[in-house]
file final_17.pdb (PDB, C-alpha atoms)
ATOM      1  CA  MET A 175      10.702  37.027  -0.756
ATOM      2  CA  ILE A 176       8.851  34.058   0.774
ATOM      3  CA  LYS A 177       5.158  33.974   1.603
ATOM      4  CA  GLY A 178       4.306  32.664   5.045
ATOM      5  CA  PRO A 179       1.030  31.918   6.848
ATOM      6  CA  LEU A 180      -1.697  34.427   7.667
ATOM      7  CA  ASP A 181      -1.114  36.394  10.848
ATOM      8  CA  ALA A 182      -3.563  36.885  13.727
ATOM      9  CA  ASP A 183      -5.344  39.616  11.759
ATOM     10  CA  GLY A 184      -5.694  37.462   8.674
ATOM     11  CA  LYS A 185      -3.016  39.336   6.739
ATOM     12  CA  VAL A 186      -0.419  37.624   4.556
ATOM     13  CA  THR A 187       3.085  37.466   6.037
ATOM     14  CA  MET A 188       6.178  37.707   3.840
ATOM     15  CA  ARG A 189       9.888  37.907   4.609
ATOM     16  CA  PRO A 190      12.948  38.508   2.393
ATOM     17  CA  TYR A 191      15.799  35.989   2.496
ATOM     18  CA  THR A 192      19.173  36.102   0.756
ATOM     19  CA  PRO A 193      20.242  32.969  -1.153
ATOM     20  CA  THR A 194      23.604  31.547  -0.178
ATOM     21  CA  SER A 195      24.002  30.076  -3.668
ATOM     22  CA  THR A 196      25.459  32.232  -6.445
ATOM     23  CA  ASN A 197      23.914  33.424  -9.698
ATOM     24  CA  GLU A 198      26.032  30.843 -11.530
ATOM     25  CA  HIS A 199      23.997  28.040  -9.936
ATOM     26  CA  LYS A 200      21.094  27.247 -12.259
ATOM     27  CA  GLY A 201      17.844  25.379 -11.622
ATOM     28  CA  SER A 202      17.614  25.867  -7.852
ATOM     29  CA  PHE A 203      18.750  28.155  -5.057
ATOM     30  CA  GLU A 204      19.897  27.647  -1.497
ATOM     31  CA  LEU A 205      18.630  29.446   1.609
ATOM     32  CA  VAL A 206      19.867  29.293   5.192
ATOM     33  CA  ILE A 207      17.000  30.197   7.525
ATOM     34  CA  LYS A 208      17.259  30.233  11.286
ATOM     35  CA  ALA A 209      14.007  29.710  13.212
ATOM     36  CA  TYR A 210      13.290  32.347  15.852
ATOM     37  CA  PRO A 211      10.536  31.882  18.490
ATOM     38  CA  THR A 212       8.825  35.095  17.357
ATOM     39  CA  GLY A 213       9.595  34.622  13.665
ATOM     40  CA  VAL A 214       6.291  33.932  11.933
ATOM     41  CA  VAL A 215       7.739  32.972   8.558
ATOM     42  CA  SER A 216      10.919  31.281   9.822
ATOM     43  CA  THR A 217       9.012  28.981  12.204
ATOM     44  CA  TYR A 218       6.522  28.240   9.432
ATOM     45  CA  LEU A 219       9.330  27.234   7.066
ATOM     46  CA  HIS A 220      10.927  25.020   9.709
ATOM     47  CA  SER A 221       7.596  23.217  10.152
ATOM     48  CA  LEU A 222       7.486  22.124   6.506
ATOM     49  CA  LYS A 223       8.338  18.628   5.319
ATOM     50  CA  PRO A 224      10.306  17.535   2.234
ATOM     51  CA  GLY A 225       8.003  17.820  -0.760
ATOM     52  CA  ASP A 226       5.932  20.709   0.638
ATOM     53  CA  GLU A 227       5.697  23.753  -1.602
ATOM     54  CA  ILE A 228       6.180  27.447  -0.851
ATOM     55  CA  GLU A 229       5.493  30.637  -2.777
ATOM     56  CA  VAL A 230       8.564  32.689  -3.685
ATOM     57  CA  LYS A 231       8.904  36.116  -5.315
ATOM     58  CA  GLY A 232      12.105  37.576  -6.654
ATOM     59  CA  PRO A 233      14.926  38.128  -7.024
ATOM     60  CA  ILE A 234      14.805  41.588  -5.443
ATOM     61  CA  MET A 235      18.220  43.154  -5.903
ATOM     62  CA  LYS A 236      19.522  45.217  -2.987
ATOM     63  CA  PHE A 237      23.217  45.410  -3.784
ATOM     64  CA  ARG A 238      24.956  44.901  -7.125
ATOM     65  CA  TYR A 239      28.496  43.632  -6.709
ATOM     66  CA  VAL A 240      31.037  44.622  -9.365
ATOM     67  CA  PRO A 241      34.458  42.898  -9.277
ATOM     68  CA  ASN A 242      37.312  45.090  -8.013
ATOM     69  CA  PHE A 243      35.112  48.174  -7.602
ATOM     70  CA  LYS A 244      36.707  48.595  -4.171
ATOM     71  CA  LYS A 245      40.154  47.522  -3.004
ATOM     72  CA  ARG A 246      38.774  46.412   0.334
ATOM     73  CA  ILE A 247      35.388  45.354   1.686
ATOM     74  CA  GLY A 248      34.680  45.130   5.392
ATOM     75  CA  MET A 249      31.752  43.043   6.561
ATOM     76  CA  LEU A 250      29.952  43.210   9.907
ATOM     77  CA  ALA A 251      27.428  40.416  10.369
ATOM     78  CA  GLY A 252      25.300  39.267  13.269
ATOM     79  CA  GLY A 253      23.563  35.876  13.342
ATOM     80  CA  SER A 254      21.643  35.090  10.169
ATOM     81  CA  GLY A 255      22.902  38.385   8.734
ATOM     82  CA  ILE A 256      25.776  36.290   7.400
ATOM     83  CA  THR A 257      23.827  35.200   4.298
ATOM     84  CA  PRO A 258      24.255  38.313   2.102
ATOM     85  CA  MET A 259      27.899  38.478   3.160
ATOM     86  CA  LEU A 260      28.503  34.919   2.028
ATOM     87  CA  GLN A 261      26.864  35.628  -1.307
ATOM     88  CA  VAL A 262      29.225  38.554  -1.939
ATOM     89  CA  ILE A 263      32.228  36.494  -0.810
ATOM     90  CA  GLU A 264      31.251  33.667  -3.157
ATOM     91  CA  GLU A 265      31.050  36.134  -6.044
ATOM     92  CA  ILE A 266      34.559  37.380  -5.238
ATOM     93  CA  VAL A 267      36.286  34.022  -4.899
ATOM     94  CA  GLN A 268      34.770  32.472  -8.023
ATOM     95  CA  ASN A 269      36.435  35.182 -10.129
ATOM     96  CA  PRO A 270      40.225  34.660 -10.328
ATOM     97  CA  HIS A 271      40.648  38.252 -11.550
ATOM     98  CA  ASP A 272      38.913  39.734  -8.488
ATOM     99  CA  LYS A 273      41.579  40.841  -6.003
ATOM    100  CA  THR A 274      39.260  42.477  -3.456
ATOM    101  CA  GLU A 275      40.447  42.133   0.134
ATOM    102  CA  VAL A 276      37.695  41.091   2.564
ATOM    103  CA  ASP A 277      37.573  41.157   6.355
ATOM    104  CA  LEU A 278      34.410  39.661   7.840
ATOM    105  CA  ILE A 279      33.608  40.218  11.527
ATOM    106  CA  PHE A 280      30.903  37.709  12.429
ATOM    107  CA  ALA A 281      29.123  38.027  15.793
ATOM    108  CA  ASN A 282      27.048  35.317  17.487
ATOM    109  CA  ASN A 283      25.860  34.442  20.974
ATOM    110  CA  THR A 284      27.426  30.973  21.214
ATOM    111  CA  PHE A 285      29.632  28.701  19.134
ATOM    112  CA  GLU A 286      26.603  26.558  18.259
ATOM    113  CA  ASP A 287      24.875  29.639  16.822
ATOM    114  CA  ILE A 288      27.516  30.202  14.138
ATOM    115  CA  LEU A 289      25.905  29.517  10.778
ATOM    116  CA  LEU A 290      27.963  28.275   7.814
ATOM    117  CA  LYS A 291      31.208  28.197   9.800
ATOM    118  CA  GLU A 292      32.711  25.228   7.951
ATOM    119  CA  ARG A 293      31.970  26.858   4.607
ATOM    120  CA  LEU A 294      33.433  30.197   5.682
ATOM    121  CA  ASP A 295      36.554  28.580   7.131
ATOM    122  CA  ALA A 296      37.104  26.545   3.961
ATOM    123  CA  ILE A 297      36.884  29.683   1.812
ATOM    124  CA  ALA A 298      39.264  31.620   4.085
ATOM    125  CA  LYS A 299      41.750  28.756   4.057
ATOM    126  CA  LYS A 300      41.767  28.557   0.271
ATOM    127  CA  HIS A 301      41.653  32.296  -0.491
ATOM    128  CA  LYS A 302      44.151  34.495   1.359
ATOM    129  CA  ASN A 303      42.245  37.678   0.506
ATOM    130  CA  ILE A 304      39.296  36.492   2.636
ATOM    131  CA  ARG A 305      39.661  36.758   6.412
ATOM    132  CA  VAL A 306      37.007  35.796   8.968
ATOM    133  CA  HIS A 307      36.980  37.017  12.583
ATOM    134  CA  TYR A 308      34.473  35.477  14.992
ATOM    135  CA  ILE A 309      33.003  37.018  18.146
ATOM    136  CA  LEU A 310      30.948  35.179  20.784
ATOM    137  CA  SER A 311      28.955  37.291  23.235
ATOM    138  CA  GLN A 312      28.130  34.448  25.627
ATOM    139  CA  SER A 313      29.901  31.180  26.351
ATOM    140  CA  ALA A 314      32.968  30.210  24.352
ATOM    141  CA  PRO A 315      34.267  26.625  24.070
ATOM    142  CA  GLU A 316      37.596  25.614  25.537
ATOM    143  CA  GLY A 317      40.450  26.609  23.266
ATOM    144  CA  TRP A 318      38.408  29.309  21.506
ATOM    145  CA  LYS A 319      40.720  31.522  19.450
ATOM    146  CA  GLY A 320      38.198  34.154  18.433
ATOM    147  CA  TYR A 321      36.941  37.207  20.302
ATOM    148  CA  THR A 322      34.520  37.161  23.216
ATOM    149  CA  GLY A 323      32.090  39.923  24.169
ATOM    150  CA  PHE A 324      30.616  42.352  21.687
ATOM    151  CA  ILE A 325      31.830  44.138  18.582
ATOM    152  CA  SER A 326      33.800  47.194  19.661
ATOM    153  CA  THR A 327      35.420  50.184  18.023
ATOM    154  CA  GLU A 328      38.804  48.583  18.709
ATOM    155  CA  ILE A 329      37.930  45.334  16.927
ATOM    156  CA  VAL A 330      36.397  47.103  13.941
ATOM    157  CA  GLN A 331      39.311  49.500  13.603
ATOM    158  CA  LYS A 332      41.838  46.660  13.847
ATOM    159  CA  HIS A 333      40.328  44.607  11.026
ATOM    160  CA  LEU A 334      38.546  47.181   8.826
ATOM    161  CA  GLY A 335      41.136  49.934   9.060
ATOM    162  CA  VAL A 336      40.483  53.614   8.563
ATOM    163  CA  PRO A 337      37.661  54.991   6.377
ATOM    164  CA  SER A 338      38.647  55.308   2.731
ATOM    165  CA  ASP A 339      37.056  55.931  -0.651
ATOM    166  CA  ASP A 340      38.715  52.678  -1.754
ATOM    167  CA  SER A 341      36.778  50.646   0.813
ATOM    168  CA  LEU A 342      33.186  49.781   1.667
ATOM    169  CA  VAL A 343      31.590  48.312   4.786
ATOM    170  CA  LEU A 344      28.597  45.969   4.471
ATOM    171  CA  VAL A 345      26.383  45.470   7.527
ATOM    172  CA  CYS A 346      23.604  42.965   8.252
ATOM    173  CA  GLY A 347      22.093  41.613  11.449
ATOM    174  CA  PRO A 348      19.206  41.916  13.901
ATOM    175  CA  PRO A 349      17.962  45.407  14.901
ATOM    176  CA  GLY A 350      19.994  45.627  18.124
ATOM    177  CA  PHE A 351      23.170  44.685  16.271
ATOM    178  CA  MET A 352      22.504  47.204  13.521
ATOM    179  CA  GLU A 353      21.782  49.962  16.008
ATOM    180  CA  ALA A 354      25.075  49.409  17.804
ATOM    181  CA  VAL A 355      27.205  49.047  14.679
ATOM    182  CA  SER A 356      25.812  51.309  11.972
ATOM    183  CA  GLY A 357      22.298  52.422  12.823
ATOM    184  CA  ASN A 358      19.197  50.775  11.411
ATOM    185  CA  LYS A 359      17.671  51.529   8.045
ATOM    186  CA  THR A 360      14.779  54.008   7.983
ATOM    187  CA  PRO A 361      11.151  52.829   8.399
ATOM    188  CA  ASP A 362      10.753  53.000   4.606
ATOM    189  CA  TYR A 363      13.876  50.811   4.190
ATOM    190  CA  LYS A 364      16.227  53.543   2.991
ATOM    191  CA  GLN A 365      19.858  53.466   4.113
ATOM    192  CA  GLY A 366      19.539  56.355   6.559
ATOM    193  CA  GLU A 367      22.330  57.986   8.497
ATOM    194  CA  VAL A 368      25.353  56.103   9.781
ATOM    195  CA  SER A 369      25.588  55.958  13.561
ATOM    196  CA  GLY A 370      27.049  53.697  16.244
ATOM    197  CA  ILE A 371      30.556  52.268  15.983
ATOM    198  CA  LEU A 372      31.045  53.102  12.314
ATOM    199  CA  LYS A 373      30.142  56.759  12.828
ATOM    200  CA  ALA A 374      32.509  56.939  15.799
ATOM    201  CA  LEU A 375      35.302  55.681  13.536
ATOM    202  CA  GLY A 376      34.563  58.266  10.860
ATOM    203  CA  PHE A 377      32.710  56.206   8.252
ATOM    204  CA  LYS A 378      30.329  58.241   6.080
ATOM    205  CA  GLU A 379      27.075  57.236   4.378
ATOM    206  CA  ASN A 380      28.817  56.577   1.043
ATOM    207  CA  MET A 381      31.214  54.145   2.758
ATOM    208  CA  VAL A 382      28.533  51.909   4.332
ATOM    209  CA  PHE A 383      25.791  49.699   2.919
ATOM    210  CA  LYS A 384      23.097  48.205   5.165
ATOM    211  CA  PHE A 385      21.292  45.074   3.972
TER     212      PHE A 385
END
call {"tool": "encode", "arguments": {"input": "final_17.pdb", "output": "structure tokens"}}
result
Amino acid sequence: MIKGPLDADGKVTMRPYTPTSTNEHKGSFELVIKAYPTGVVSTYLHSLKPGDEIEVKGPIMKFRYVPNFKKRIGMLAGGSGITPMLQVIEEIVQNPHDKTEVDLIFANNTFEDILLKERLDAIAKKHKNIRVHYILSQSAPEGWKGYTGFISTEIVQKHLGVPSDDSLVLVCGPPGFMEAVSGNKTPDYKQGEVSGILKALGFKENMVFKF
């Protein structure tokens, strides 16, 4: 959790961010933060200079990963929602005894919007149990081999397969993305019911985790 500036009413702003570094990395942590025009804390952080200090609280655990607790993990990420997915992937690939199969479907507006693409591609190239599938909703560059448009039931079914007690689907992204894919969390940040594409495909609440 990072403390931002005071808002228009003089109240403190804070936002949670997921480190992209693993727990094995000691002494510092890495964050990937995209600045949004209406993002009070993200624009504040992007205005800082090297050497400036920020106030941080945490860690606040949302999801505890246990090696091999599922045979397969599906991941649906939109935009900066990639960060918790990368952290789980990094935990999997650093353990040679972890055989979990992962399919990540990563949606963005444009090619330039794709965060951490080189890192994801390098992991997928080295580890055959990690597969990354990109979707661009707007313009795609010439020679683009990924999907174009929006995440659909067909795409999810193709890469995540049928619902199973041996699998889990992780979801993270902006509110519109969450609503279409899995349903948003409740106002008090509980998981809530599964809706959208995942419900249409038969996934139940115990098969889905929303960051």
call {"tool": "residues_around", "arguments": {"input": "final_17.pdb", "residues": "A:Asp181", "least_positions_apart": "4", "cutoff": "10 Å", "atoms": "all atoms listed in the file", "output": "list in words"}}
result
Lys185, Val186, Thr187, Val214 and Val215 of chain A
call {"tool": "resolve_selection", "arguments": {"input": "final_17.pdb", "expression": "the PyMOL selection byres ((chain A and resi 248) around 7)", "output": "PyMOL selection string"}}
result
chain A and resi 246-247+249-250+276-278+334+342-344
call {"tool": "write_last_selection", "arguments": {"input": "final_17.pdb", "atoms": "C-alpha atoms", "output": "short mmCIF file (atom, residue, chain, number, x, y, z; two decimals), in the coordinates of the input"}}
result
data_model
loop_
_atom_site.label_atom_id
_atom_site.label_comp_id
_atom_site.auth_asym_id
_atom_site.auth_seq_id
_atom_site.Cartn_x
_atom_site.Cartn_y
_atom_site.Cartn_z
CA ARG A 246 38.77 46.41 0.33
CA ILE A 247 35.39 45.35 1.69
CA MET A 249 31.75 43.04 6.56
CA LEU A 250 29.95 43.21 9.91
CA VAL A 276 37.70 41.09 2.56
CA ASP A 277 37.57 41.16 6.36
CA LEU A 278 34.41 39.66 7.84
CA LEU A 334 38.55 47.18 8.83
CA LEU A 342 33.19 49.78 1.67
CA VAL A 343 31.59 48.31 4.79
CA LEU A 344 28.60 45.97 4.47
#
call {"tool": "resolve_selection", "arguments": {"input": "final_17.pdb", "expression": "the PyMOL selection byres ((chain A and resi 364-373) around 12)", "output": "PDB file with C-alpha atoms, keeping the file's coordinate frame"}}
result
ATOM      1  CA  LYS A 236      19.522  45.217  -2.987  1.00  0.00           C
ATOM      2  CA  PHE A 237      23.217  45.410  -3.784  1.00  0.00           C
ATOM      3  CA  GLY A 248      34.680  45.130   5.392  1.00  0.00           C
ATOM      4  CA  MET A 249      31.752  43.043   6.561  1.00  0.00           C
ATOM      5  CA  LEU A 250      29.952  43.210   9.907  1.00  0.00           C
ATOM      6  CA  PHE A 324      30.616  42.352  21.687  1.00  0.00           C
ATOM      7  CA  ILE A 325      31.830  44.138  18.582  1.00  0.00           C
ATOM      8  CA  SER A 326      33.800  47.194  19.661  1.00  0.00           C
ATOM      9  CA  THR A 327      35.420  50.184  18.023  1.00  0.00           C
ATOM     10  CA  GLU A 328      38.804  48.583  18.709  1.00  0.00           C
ATOM     11  CA  ILE A 329      37.930  45.334  16.927  1.00  0.00           C
ATOM     12  CA  VAL A 330      36.397  47.103  13.941  1.00  0.00           C
ATOM     13  CA  GLN A 331      39.311  49.500  13.603  1.00  0.00           C
ATOM     14  CA  LEU A 334      38.546  47.181   8.826  1.00  0.00           C
ATOM     15  CA  GLY A 335      41.136  49.934   9.060  1.00  0.00           C
ATOM     16  CA  VAL A 336      40.483  53.614   8.563  1.00  0.00           C
ATOM     17  CA  PRO A 337      37.661  54.991   6.377  1.00  0.00           C
ATOM     18  CA  LEU A 342      33.186  49.781   1.667  1.00  0.00           C
ATOM     19  CA  VAL A 343      31.590  48.312   4.786  1.00  0.00           C
ATOM     20  CA  LEU A 344      28.597  45.969   4.471  1.00  0.00           C
ATOM     21  CA  VAL A 345      26.383  45.470   7.527  1.00  0.00           C
ATOM     22  CA  CYS A 346      23.604  42.965   8.252  1.00  0.00           C
ATOM     23  CA  GLY A 350      19.994  45.627  18.124  1.00  0.00           C
ATOM     24  CA  PHE A 351      23.170  44.685  16.271  1.00  0.00           C
ATOM     25  CA  MET A 352      22.504  47.204  13.521  1.00  0.00           C
ATOM     26  CA  GLU A 353      21.782  49.962  16.008  1.00  0.00           C
ATOM     27  CA  ALA A 354      25.075  49.409  17.804  1.00  0.00           C
ATOM     28  CA  VAL A 355      27.205  49.047  14.679  1.00  0.00           C
ATOM     29  CA  SER A 356      25.812  51.309  11.972  1.00  0.00           C
ATOM     30  CA  GLY A 357      22.298  52.422  12.823  1.00  0.00           C
ATOM     31  CA  ASN A 358      19.197  50.775  11.411  1.00  0.00           C
ATOM     32  CA  LYS A 359      17.671  51.529   8.045  1.00  0.00           C
ATOM     33  CA  THR A 360      14.779  54.008   7.983  1.00  0.00           C
ATOM     34  CA  PRO A 361      11.151  52.829   8.399  1.00  0.00           C
ATOM     35  CA  ASP A 362      10.753  53.000   4.606  1.00  0.00           C
ATOM     36  CA  TYR A 363      13.876  50.811   4.190  1.00  0.00           C
ATOM     37  CA  ALA A 374      32.509  56.939  15.799  1.00  0.00           C
ATOM     38  CA  LEU A 375      35.302  55.681  13.536  1.00  0.00           C
ATOM     39  CA  GLY A 376      34.563  58.266  10.860  1.00  0.00           C
ATOM     40  CA  PHE A 377      32.710  56.206   8.252  1.00  0.00           C
ATOM     41  CA  LYS A 378      30.329  58.241   6.080  1.00  0.00           C
ATOM     42  CA  GLU A 379      27.075  57.236   4.378  1.00  0.00           C
ATOM     43  CA  ASN A 380      28.817  56.577   1.043  1.00  0.00           C
ATOM     44  CA  MET A 381      31.214  54.145   2.758  1.00  0.00           C
ATOM     45  CA  VAL A 382      28.533  51.909   4.332  1.00  0.00           C
ATOM     46  CA  PHE A 383      25.791  49.699   2.919  1.00  0.00           C
ATOM     47  CA  LYS A 384      23.097  48.205   5.165  1.00  0.00           C
ATOM     48  CA  PHE A 385      21.292  45.074   3.972  1.00  0.00           C
TER      49      PHE A 385
END
call {"tool": "resolve_selection", "arguments": {"input": "final_17.pdb", "expression": "the PyMOL selection byres ((chain A and resi 209-211) around 12)", "output": "list in words"}}
result
Val206, Ile207, Lys208, Thr212, Gly213, Val214, Val215, Ser216, Thr217, Tyr218, Leu219, His220, Ser221, Gly253, Ser254, Asp287 and Pro348 of chain A
call {"tool": "residues_around", "arguments": {"input": "final_17.pdb", "residues": "stretch 189-195 of chain A", "least_positions_apart": "3", "cutoff": "7 Å", "atoms": "all atoms listed in the file", "output": "ChimeraX atom specification"}}
result
/A:175-177,199,203-206,215,257-258,260-261
call {"tool": "atom_distance", "arguments": {"input": "final_17.pdb", "atom1": "atom CA of A:Ala281", "atom2": "atom CA of A:Gly347"}}
result
9.0 Å
call {"tool": "atom_distance", "arguments": {"input": "final_17.pdb", "atom1": "atom CA of A:Thr284", "atom2": "atom CA of A:Gln312"}}
result
5.7 Å
call {"tool": "atom_distance", "arguments": {"input": "final_17.pdb", "atom1": "atom CA of A:Lys300", "atom2": "atom CA of A:Val267"}}
result
9.3 Å
call {"tool": "residues_around", "arguments": {"input": "final_17.pdb", "residues": "A:Lys245", "least_positions_apart": "3", "cutoff": "7 Å", "atoms": "all atoms listed in the file", "output": "PyMOL selection string"}}
result
chain A and resi 242+274-275+340-341
call {"tool": "write_last_selection", "arguments": {"input": "final_17.pdb", "atoms": "C-alpha atoms", "output": "short mmCIF file (atom, residue, chain, number, x, y, z; two decimals), keeping the file's coordinate frame"}}
result
data_model
loop_
_atom_site.label_atom_id
_atom_site.label_comp_id
_atom_site.auth_asym_id
_atom_site.auth_seq_id
_atom_site.Cartn_x
_atom_site.Cartn_y
_atom_site.Cartn_z
CA ASN A 242 37.31 45.09 -8.01
CA THR A 274 39.26 42.48 -3.46
CA GLU A 275 40.45 42.13 0.13
CA ASP A 340 38.72 52.68 -1.75
CA SER A 341 36.78 50.65 0.81
#
call {"tool": "residues_around", "arguments": {"input": "final_17.pdb", "residues": "A:Glu198", "least_positions_apart": "3", "cutoff": "10 Å", "atoms": "all atoms listed in the file", "output": "MDAnalysis selection string"}}
result
chainID A and resid 195 201 265 268
call {"tool": "closest_residue", "arguments": {"input": "final_17.pdb", "among": "A:Phe285, A:Thr196, A:Asn303, A:Pro349", "to": "A:Lys319", "atoms": "only C-alpha atoms"}}
result
A:Phe285
call {"tool": "axis_aligned_box", "arguments": {"input": "final_17.pdb", "around": "stretch 378-382 of chain A", "padding_each_side": "6 Å", "output": "JSON"}}
result
{"center_x": 29.1, "center_y": 55.1, "center_z": 3.6, "size_x": 16.1, "size_y": 18.3, "size_z": 17.0}
call {"tool": "residues_around", "arguments": {"input": "final_17.pdb", "residues": "A:Trp318", "least_positions_apart": "2", "cutoff": "12 Å", "atoms": "only C-alpha atoms", "output": "PyMOL selection string"}}
result
chain A and resi 284-285+307-310+313-316+320-322
